[in-house]
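Just run.tsv here, TSV, C-alpha atoms:
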chain	number	residue	atom	x	y	z
A	1091	MET	CA	16.64	-70.59	-64.81
A	1092	ILE	CA	17.47	-67.44	-66.74
A	1093	PRO	CA	19.69	-67.91	-69.84
A	1094	LEU	CA	23.14	-66.29	-69.76
A	1095	GLY	CA	22.27	-63.42	-72.18
A	1096	PRO	CA	19.29	-62.04	-70.22
A	1097	ALA	CA	21.15	-62.58	-66.92
A	1098	TRP	CA	24.04	-60.45	-68.18
A	1099	ILE	CA	21.57	-57.77	-69.32
A	1100	LEU	CA	19.86	-57.82	-65.93
A	1101	MET	CA	23.21	-57.42	-64.13
A	1102	THR	CA	24.25	-54.58	-66.47
A	1103	VAL	CA	21.00	-52.66	-66.03
A	1104	THR	CA	21.13	-53.26	-62.27
A	1105	GLY	CA	24.66	-51.87	-62.20
A	1106	TRP	CA	23.53	-48.77	-64.10
A	1107	THR	CA	20.68	-48.09	-61.71
A	1108	PHE	CA	22.40	-48.19	-58.32
A	1109	GLY	CA	21.65	-44.85	-56.75
A	1110	PRO	CA	19.18	-42.21	-57.92
A	1111	ILE	CA	17.67	-41.86	-61.37
A	1112	GLU	CA	20.57	-39.63	-62.44
A	1113	ALA	CA	22.79	-42.74	-62.47
A	1114	LEU	CA	21.03	-44.05	-65.57
A	1115	PRO	CA	22.88	-43.37	-68.82
A	1116	GLY	CA	21.65	-40.54	-70.97
A	1117	LYS	CA	18.74	-39.21	-68.88
A	1118	ASP	CA	16.91	-38.67	-72.18
A	1119	PHE	CA	13.60	-39.94	-70.90
A	1120	LYS	CA	10.30	-39.50	-72.60
A	1121	VAL	CA	7.83	-38.62	-69.83
A	1122	LEU	CA	4.23	-39.87	-69.89
A	1123	TYR	CA	1.44	-38.78	-67.53
A	1124	PRO	CA	-1.34	-41.36	-67.96
A	1125	PRO	CA	-4.53	-41.13	-65.89
A	1126	ILE	CA	-5.17	-43.85	-63.33
A	1127	ASN	CA	-7.08	-46.91	-64.70
A	1128	SER	CA	-6.18	-46.07	-68.31
A	1129	ASN	CA	-4.03	-48.01	-70.78
A	1130	GLU	CA	-0.59	-46.76	-71.78
A	1131	ALA	CA	1.90	-47.95	-74.40
A	1132	VAL	CA	5.68	-47.63	-74.22
A	1133	ASP	CA	7.61	-47.97	-77.50
A	1134	CYS	CA	11.12	-49.23	-78.06
A	1135	GLN	CA	12.45	-48.18	-81.48
A	1136	CYS	CA	14.91	-50.59	-83.01
A	1137	GLU	CA	17.40	-50.92	-85.83
A	1138	PRO	CA	17.10	-53.85	-88.24
A	1139	SER	CA	20.41	-55.45	-87.18
A	1140	THR	CA	19.48	-55.62	-83.47
A	1141	CYS	CA	15.78	-56.18	-83.66
A	1142	ASP	CA	15.09	-59.83	-82.84
A	1143	TYR	CA	14.46	-59.66	-79.08
A	1144	ALA	CA	13.37	-56.93	-76.69
A	1145	PHE	CA	14.02	-57.31	-72.97
A	1146	TRP	CA	11.81	-55.01	-70.88
A	1147	PHE	CA	12.83	-53.61	-67.50
A	1148	ARG	CA	11.24	-51.28	-64.98
A	1149	THR	CA	13.23	-49.15	-62.57
A	1150	VAL	CA	11.35	-47.91	-59.51
A	1151	PRO	CA	12.71	-44.40	-58.81
A	1152	ASP	CA	12.33	-44.35	-55.01
A	1153	SER	CA	14.09	-47.62	-54.31
A	1154	SER	CA	16.24	-47.91	-57.48
A	1155	LYS	CA	14.93	-51.47	-57.75
A	1156	VAL	CA	15.12	-53.01	-61.24
A	1157	GLU	CA	12.47	-55.51	-62.29
A	1158	PHE	CA	12.74	-57.75	-65.32
A	1159	LEU	CA	9.28	-57.61	-66.90
A	1160	GLY	CA	9.68	-59.95	-69.83
A	1161	ARG	CA	11.09	-60.72	-73.24
A	1162	CYS	CA	9.40	-60.49	-76.63
A	1163	ASN	CA	10.69	-61.67	-79.99
A	1164	ASN	CA	9.79	-61.05	-83.64
A	1165	ALA	CA	7.10	-63.75	-83.56
A	1166	ASP	CA	5.42	-62.11	-80.52
A	1167	ARG	CA	6.50	-64.99	-78.28
A	1168	VAL	CA	6.69	-63.72	-74.74
A	1169	SER	CA	8.56	-65.09	-71.75
A	1170	GLY	CA	9.30	-63.70	-68.32
A	1171	PRO	CA	7.75	-63.25	-64.91
A	1172	PHE	CA	4.93	-60.93	-66.05
A	1173	LYS	CA	3.83	-62.73	-69.23
A	1174	ASP	CA	0.69	-64.23	-67.67
A	1175	LYS	CA	-0.24	-61.39	-65.32
A	1176	GLY	CA	-2.57	-59.83	-67.93
A	1177	ARG	CA	-1.60	-56.24	-67.16
A	1178	PHE	CA	1.59	-56.17	-69.26
A	1179	LYS	CA	1.25	-56.97	-72.97
A	1180	PHE	CA	4.41	-57.33	-75.06
A	1181	SER	CA	4.20	-57.12	-78.85
A	1182	ARG	CA	6.03	-56.22	-82.04
A	1183	LYS	CA	4.73	-53.14	-83.93
A	1184	GLY	CA	6.47	-52.52	-87.28
A	1185	LEU	CA	10.03	-51.40	-86.56
A	1186	SER	CA	9.55	-51.24	-82.81
A	1187	PHE	CA	8.54	-53.30	-79.83
A	1188	GLU	CA	5.70	-52.19	-77.58
A	1189	LEU	CA	4.91	-52.69	-73.93
A	1190	ARG	CA	1.24	-52.00	-73.17
A	1191	ILE	CA	0.22	-51.51	-69.55
A	1192	ILE	CA	-3.46	-52.26	-68.90
A	1193	ASN	CA	-5.29	-50.39	-66.08
A	1194	VAL	CA	-2.37	-48.22	-64.97
A	1195	THR	CA	-2.10	-47.75	-61.19
A	1196	ALA	CA	0.03	-45.41	-59.08
A	1197	GLU	CA	2.34	-48.35	-58.29
A	1198	ASP	CA	3.24	-48.58	-61.99
A	1199	ALA	CA	5.34	-45.40	-61.74
A	1200	GLY	CA	8.89	-45.89	-62.91
A	1201	ILE	CA	11.26	-45.89	-65.82
A	1202	TYR	CA	10.39	-48.48	-68.45
A	1203	SER	CA	13.35	-49.29	-70.67
A	1204	CYS	CA	14.30	-51.99	-73.08
A	1205	VAL	CA	17.40	-53.75	-74.32
A	1206	LEU	CA	17.34	-54.91	-77.94
A	1207	SER	CA	19.29	-57.93	-79.09
A	1208	ASP	CA	19.95	-60.01	-82.19
A	1209	LYS	CA	19.17	-63.75	-82.57
A	1210	GLN	CA	22.52	-64.90	-81.20
A	1211	LEU	CA	22.27	-62.46	-78.24
A	1212	THR	CA	25.66	-61.00	-79.20
A	1213	ILE	CA	24.64	-57.43	-80.11
A	1214	GLU	CA	22.74	-55.59	-77.38
A	1215	THR	CA	21.47	-52.02	-77.54
A	1216	PHE	CA	20.15	-50.19	-74.48
A	1217	ARG	CA	17.30	-47.71	-75.00
A	1218	PRO	CA	16.97	-44.99	-72.32
A	1219	GLY	CA	13.29	-45.59	-71.77
A	1220	THR	CA	10.16	-43.79	-70.71
A	1221	LEU	CA	9.39	-42.27	-67.33
A	1222	LEU	CA	5.81	-43.15	-66.43
A	1223	LEU	CA	4.10	-40.95	-63.82
A	1224	PRO	CA	0.50	-42.16	-63.52
A	1225	GLY	CA	-2.01	-39.82	-61.92
A	1226	VAL	CA	0.39	-36.88	-61.96
A	1227	SER	CA	-0.56	-33.69	-63.74
A	1228	PRO	CA	1.99	-32.66	-66.36
A	1229	PRO	CA	3.85	-29.43	-65.61
A	1230	THR	CA	2.48	-26.36	-67.31
A	1231	LEU	CA	4.86	-24.47	-69.50
A	1232	PRO	CA	5.14	-20.73	-69.06
A	1233	PRO	CA	3.30	-18.79	-71.74
A	1234	THR	CA	5.40	-17.69	-74.64
A	1235	THR	CA	5.77	-13.98	-74.89
A	1236	THR	CA	6.36	-12.26	-78.16
A	1237	THR	CA	7.71	-8.77	-78.45
A	1238	LYS	CA	6.34	-6.62	-81.20
A	1239	LYS	CA	8.89	-5.11	-83.49
A	1240	PRO	CA	8.72	-1.35	-83.65
A	1241	VAL	CA	6.95	-0.03	-86.73
A	1242	ARG	CA	9.31	1.88	-88.94
A	1243	SER	CA	8.21	5.08	-90.56
A	1244	PRO	CA	8.13	5.10	-94.36
A	1245	CYS	CA	10.83	7.72	-94.41
A	1246	LEU	CA	14.10	6.00	-93.55
A	1247	CYS	CA	16.14	9.12	-92.96
A	1248	LYS	CA	16.96	10.34	-89.50
A	1249	LYS	CA	15.00	13.39	-88.56
A	1250	LYS	CA	16.97	16.01	-86.72
A	1251	THR	CA	14.19	18.55	-86.38
A	1252	SER	CA	10.46	18.34	-86.78
A	1253	ASN	CA	10.47	20.65	-89.86
A	1254	GLU	CA	13.06	18.66	-91.78
A	1255	VAL	CA	11.69	16.29	-94.40
A	1256	CYS	CA	13.62	13.51	-96.08
A	1257	ASP	CA	14.94	15.87	-98.73
A	1258	SER	CA	17.73	13.78	-100.16
A	1259	ARG	CA	15.69	10.56	-100.13
A	1260	VAL	CA	12.89	12.21	-102.11
A	1261	LEU	CA	14.81	14.73	-104.19
A	1262	TRP	CA	17.38	12.54	-105.94
A	1263	PRO	CA	14.94	9.87	-107.19
A	1264	LEU	CA	12.76	12.68	-108.58
A	1265	VAL	CA	15.80	14.20	-110.30
A	1266	GLY	CA	16.55	10.80	-111.83
A	1267	VAL	CA	12.98	10.38	-113.08
A	1268	LEU	CA	12.95	13.89	-114.56
A	1269	ALA	CA	16.32	13.30	-116.23
A	1270	GLY	CA	14.99	10.07	-117.74
A	1271	LEU	CA	11.88	11.83	-119.05
A	1272	ALA	CA	13.98	14.66	-120.51
A	1273	LEU	CA	16.24	12.15	-122.24
A	1274	THR	CA	13.21	10.32	-123.65
A	1275	VAL	CA	11.69	13.56	-124.98
A	1276	PHE	CA	15.05	14.64	-126.44
A	1277	CYS	CA	15.55	11.30	-128.21
A	1278	THR	CA	11.99	11.32	-129.56
A	1279	LEU	CA	12.33	14.85	-130.90
A	1280	TYR	CA	15.69	14.06	-132.47
A	1281	TYR	CA	14.29	10.93	-134.15
A	1282	PHE	CA	11.32	12.76	-135.75
A	1283	SER	CA	13.38	15.86	-136.71
A	1284	ARG	CA	15.71	13.89	-139.02
A	1285	LYS	CA	13.18	13.78	-141.86
Would you mind giving the structure from this file in C-alpha coordinates?
Amino acid sequence: MIPLGPAWILMTVTGWTFGPIEALPGKDFKVLYPPINSNEAVDCQCEPSTCDYAFWFRTVPDSSKVEFLGRCNNADRVSGPFKDKGRFKFSRKGLSFELRIINVTAEDAGIYSCVLSDKQLTIETFRPGTLLLPGVSPPTLPPTTTTKKPVRSPCLCKKKTSNEVCDSRVLWPLVGVLAGLALTVFCTLYYFSRK
(Lines of atoms letter the chains of each structure in order from A and count residues from 1; the text may use other names and numbers.)
(Lines give C-alpha, C1' and ligand atoms only; values in the text may rest on other atoms or scores of the structure.)
Protein backbone atom coordinates (compact mmCIF):
# COMPACT_ATOMS: atom_id res chain seq x y z
CA MET A 1 0.00 0.00 0.00
CA ILE A 2 1.31 3.43 -0.93
CA PRO A 3 1.27 6.05 1.88
CA LEU A 4 -0.99 9.08 1.39
CA GLY A 5 1.84 11.57 0.60
CA PRO A 6 3.36 9.64 -2.33
CA ALA A 7 -0.12 8.72 -3.60
CA TRP A 8 -1.05 12.41 -3.74
CA ILE A 9 2.22 13.17 -5.55
CA LEU A 10 1.56 10.38 -8.04
CA MET A 11 -1.96 11.70 -8.73
CA THR A 12 -0.65 15.27 -9.13
CA VAL A 13 2.10 14.29 -11.55
CA THR A 14 -0.33 12.07 -13.46
CA GLY A 15 -2.72 15.01 -13.75
CA TRP A 16 0.07 17.21 -15.10
CA THR A 17 1.06 14.70 -17.74
CA PHE A 18 -2.26 13.94 -19.44
CA GLY A 19 -1.71 14.75 -23.08
CA PRO A 20 1.57 15.50 -24.85
CA ILE A 21 4.83 16.58 -23.25
CA GLU A 22 3.81 20.23 -23.58
CA ALA A 23 1.30 19.66 -20.77
CA LEU A 24 4.10 19.39 -18.22
CA PRO A 25 4.74 22.57 -16.26
CA GLY A 26 7.68 24.69 -17.26
CA LYS A 27 9.07 22.69 -20.22
CA ASP A 28 12.53 23.62 -18.93
CA PHE A 29 14.00 20.20 -19.54
CA LYS A 30 17.65 19.37 -19.52
CA VAL A 31 18.17 17.02 -22.47
CA LEU A 32 20.65 14.13 -22.31
CA TYR A 33 21.72 11.92 -25.23
CA PRO A 34 23.43 8.89 -23.66
CA PRO A 35 24.74 6.06 -25.85
CA ILE A 36 23.03 2.69 -25.60
CA ASN A 37 24.48 0.36 -22.88
CA SER A 38 26.10 3.27 -21.02
CA ASN A 39 25.37 4.63 -17.55
CA GLU A 40 23.63 7.97 -17.07
CA ALA A 41 22.92 10.06 -13.98
CA VAL A 42 19.99 12.43 -13.49
CA ASP A 43 20.32 15.05 -10.74
CA CYS A 44 17.60 16.65 -8.67
CA GLN A 45 18.83 19.85 -6.98
CA CYS A 46 17.19 20.63 -3.68
CA GLU A 47 16.82 23.35 -1.10
CA PRO A 48 17.68 22.60 2.53
CA SER A 49 14.09 23.05 3.78
CA THR A 50 12.61 20.49 1.35
CA CYS A 51 15.42 18.03 1.06
CA ASP A 52 14.51 14.95 3.10
CA TYR A 53 12.86 12.76 0.45
CA ALA A 54 13.03 12.55 -3.33
CA PHE A 55 10.27 10.80 -5.25
CA TRP A 56 11.37 9.83 -8.78
CA PHE A 57 9.00 9.57 -11.73
CA ARG A 58 9.37 8.77 -15.40
CA THR A 59 7.02 10.04 -18.07
CA VAL A 60 7.01 8.11 -21.34
CA PRO A 61 6.49 10.73 -24.09
CA ASP A 62 4.59 8.59 -26.62
CA SER A 63 1.96 7.27 -24.24
CA SER A 64 2.07 10.00 -21.54
CA LYS A 65 2.29 7.16 -19.03
CA VAL A 66 3.76 8.11 -15.63
CA GLU A 67 5.75 5.52 -13.70
CA PHE A 68 6.71 5.85 -10.06
CA LEU A 69 10.32 4.68 -9.93
CA GLY A 70 11.10 4.98 -6.25
CA ARG A 71 11.79 7.09 -3.21
CA CYS A 72 15.11 7.95 -1.61
CA ASN A 73 15.76 9.72 1.68
CA ASN A 74 18.73 11.43 3.34
CA ALA A 75 20.04 8.12 4.69
CA ASP A 76 20.00 6.56 1.17
CA ARG A 77 17.11 4.29 2.13
CA VAL A 78 15.24 3.37 -1.01
CA SER A 79 11.71 2.12 -1.48
CA GLY A 80 9.52 1.66 -4.52
CA PRO A 81 8.85 -0.74 -7.36
CA PHE A 82 12.30 -0.40 -8.98
CA LYS A 83 14.52 -0.55 -5.87
CA ASP A 84 15.63 -4.14 -6.45
CA LYS A 85 15.74 -4.16 -10.25
CA GLY A 86 19.45 -3.25 -10.26
CA ARG A 87 19.21 -0.85 -13.20
CA PHE A 88 18.00 2.17 -11.21
CA LYS A 89 20.20 3.38 -8.34
CA PHE A 90 18.88 6.11 -6.05
CA SER A 91 21.30 8.06 -3.86
CA ARG A 92 21.98 11.35 -2.09
CA LYS A 93 24.89 13.44 -3.47
CA GLY A 94 25.66 16.57 -1.42
CA LEU A 95 22.80 19.03 -1.92
CA SER A 96 21.03 16.91 -4.52
CA PHE A 97 19.54 13.51 -5.10
CA GLU A 98 20.71 11.35 -7.98
CA LEU A 99 19.07 8.69 -10.10
CA ARG A 100 21.64 6.55 -11.90
CA ILE A 101 20.46 4.37 -14.78
CA ILE A 102 22.71 1.38 -15.46
CA ASN A 103 22.98 -0.01 -19.04
CA VAL A 104 20.66 2.51 -20.70
CA THR A 105 18.39 1.03 -23.38
CA ALA A 106 16.15 2.67 -25.98
CA GLU A 107 13.13 1.82 -23.79
CA ASP A 108 14.52 4.12 -21.08
CA ALA A 109 13.60 7.21 -23.13
CA GLY A 110 11.42 9.63 -21.23
CA ILE A 111 11.28 12.53 -18.87
CA TYR A 112 12.79 11.77 -15.47
CA SER A 113 11.58 14.17 -12.81
CA CYS A 114 11.54 14.31 -9.07
CA VAL A 115 9.40 15.71 -6.29
CA LEU A 116 11.24 16.82 -3.15
CA SER A 117 9.60 16.71 0.24
CA ASP A 118 10.34 17.41 3.90
CA LYS A 119 10.17 14.83 6.74
CA GLN A 120 6.49 15.42 7.46
CA LEU A 121 5.61 15.26 3.72
CA THR A 122 3.94 18.69 4.01
CA ILE A 123 6.20 20.74 1.71
CA GLU A 124 6.57 19.34 -1.80
CA THR A 125 8.59 20.87 -4.63
CA PHE A 126 8.31 19.63 -8.22
CA ARG A 127 11.47 19.73 -10.36
CA PRO A 128 10.89 19.83 -14.15
CA GLY A 129 13.25 16.97 -14.87
CA THR A 130 15.52 15.67 -17.57
CA LEU A 131 14.55 14.42 -21.00
CA LEU A 132 16.56 11.27 -21.71
CA LEU A 133 16.95 10.27 -25.38
CA PRO A 134 19.22 7.22 -25.47
CA GLY A 135 20.85 6.34 -28.78
CA VAL A 136 19.80 9.62 -30.40
CA SER A 137 22.41 11.93 -31.85
CA PRO A 138 22.24 15.43 -30.39
CA PRO A 139 21.23 18.15 -32.84
CA THR A 140 24.08 20.09 -34.35
CA LEU A 141 24.02 23.80 -33.84
CA PRO A 142 24.55 26.05 -36.82
CA PRO A 143 28.03 27.52 -36.97
CA THR A 144 28.39 30.93 -35.48
CA THR A 145 29.24 33.57 -37.99
CA THR A 146 31.14 36.66 -37.07
CA THR A 147 31.18 39.77 -39.17
CA LYS A 148 34.41 41.69 -39.33
CA LYS A 149 34.17 45.31 -38.43
CA PRO A 150 35.40 47.61 -41.15
CA VAL A 151 38.89 48.94 -40.57
CA ARG A 152 38.87 52.66 -40.07
CA SER A 153 41.50 54.80 -41.65
CA PRO A 154 43.78 56.72 -39.28
CA CYS A 155 42.42 59.97 -40.59
CA LEU A 156 38.94 60.43 -39.14
CA CYS A 157 37.85 63.27 -41.37
CA LYS A 158 35.54 62.74 -44.28
CA LYS A 159 37.31 62.97 -47.58
CA LYS A 160 35.42 64.81 -50.24
CA THR A 161 38.04 64.55 -52.95
CA SER A 162 41.09 62.39 -53.38
CA ASN A 163 43.48 65.40 -53.13
CA GLU A 164 42.08 66.70 -49.87
CA VAL A 165 44.02 65.77 -46.76
CA CYS A 166 42.77 66.07 -43.21
CA ASP A 167 43.92 69.67 -42.98
CA SER A 168 42.04 70.77 -39.91
CA ARG A 169 42.74 67.56 -38.00
CA VAL A 170 46.48 67.91 -38.58
CA LEU A 171 46.88 71.68 -38.71
CA TRP A 172 45.34 72.76 -35.41
CA PRO A 173 47.24 70.30 -33.18
CA LEU A 174 50.46 71.44 -34.86
CA VAL A 175 49.53 75.08 -34.23
CA GLY A 176 48.93 74.21 -30.57
CA VAL A 177 52.29 72.46 -30.25
CA LEU A 178 54.10 75.36 -31.93
CA ALA A 179 52.32 77.87 -29.68
CA GLY A 180 53.36 75.85 -26.63
CA LEU A 181 56.99 75.75 -27.79
CA ALA A 182 56.97 79.49 -28.50
CA LEU A 183 55.56 80.19 -25.05
CA THR A 184 58.23 77.97 -23.47
CA VAL A 185 61.04 79.74 -25.36
CA PHE A 186 59.58 83.17 -24.49
CA CYS A 187 59.34 82.31 -20.79
CA THR A 188 62.86 80.88 -20.73
CA LEU A 189 64.32 83.95 -22.43
CA TYR A 190 62.43 86.28 -20.10
CA TYR A 191 63.65 84.37 -17.02
CA PHE A 192 67.35 84.54 -18.03
CA SER A 193 67.15 88.18 -19.26
CA ARG A 194 66.17 89.54 -15.82
CA LYS A 195 69.74 89.41 -14.51
query: CA of Glu1157 (chain A) and CA of Cys1136 (chain A), how far apart in Å?
result: 21.4 Å
- prompt: How many Å lie between CA of Leu1222 (chain A) and CA of Glu1137 (chain A), rounded to one decimal?
  reply: 23.9 Å
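Nearest-residue note for Gln1135 (chain A): choosing from A:Pro1233, A:Pro1224, A:Pro1240, A:Gly1219, the minimum distance belongs to A:Gly1219, counting only C-alpha atoms.
Distances from A:Leu1221, A:Ser1203, A:Thr1195, A:Val1267 to Phe1158 (chain A) were compared using all atoms listed in the file, and the smallest one belongs to A:Ser1203.
Picture a line from CA of Tyr1202 (chain A) to CA of Ala1165 (chain A); it runs 21.7 Å.
Of the residues listed (A:Ser1283, A:Asn1129, A:Thr1220, A:Ser1154), A:Asn1129 shows the shortest atom-to-atom separation from Arg1190 (chain A); distances use all atoms listed in the file.
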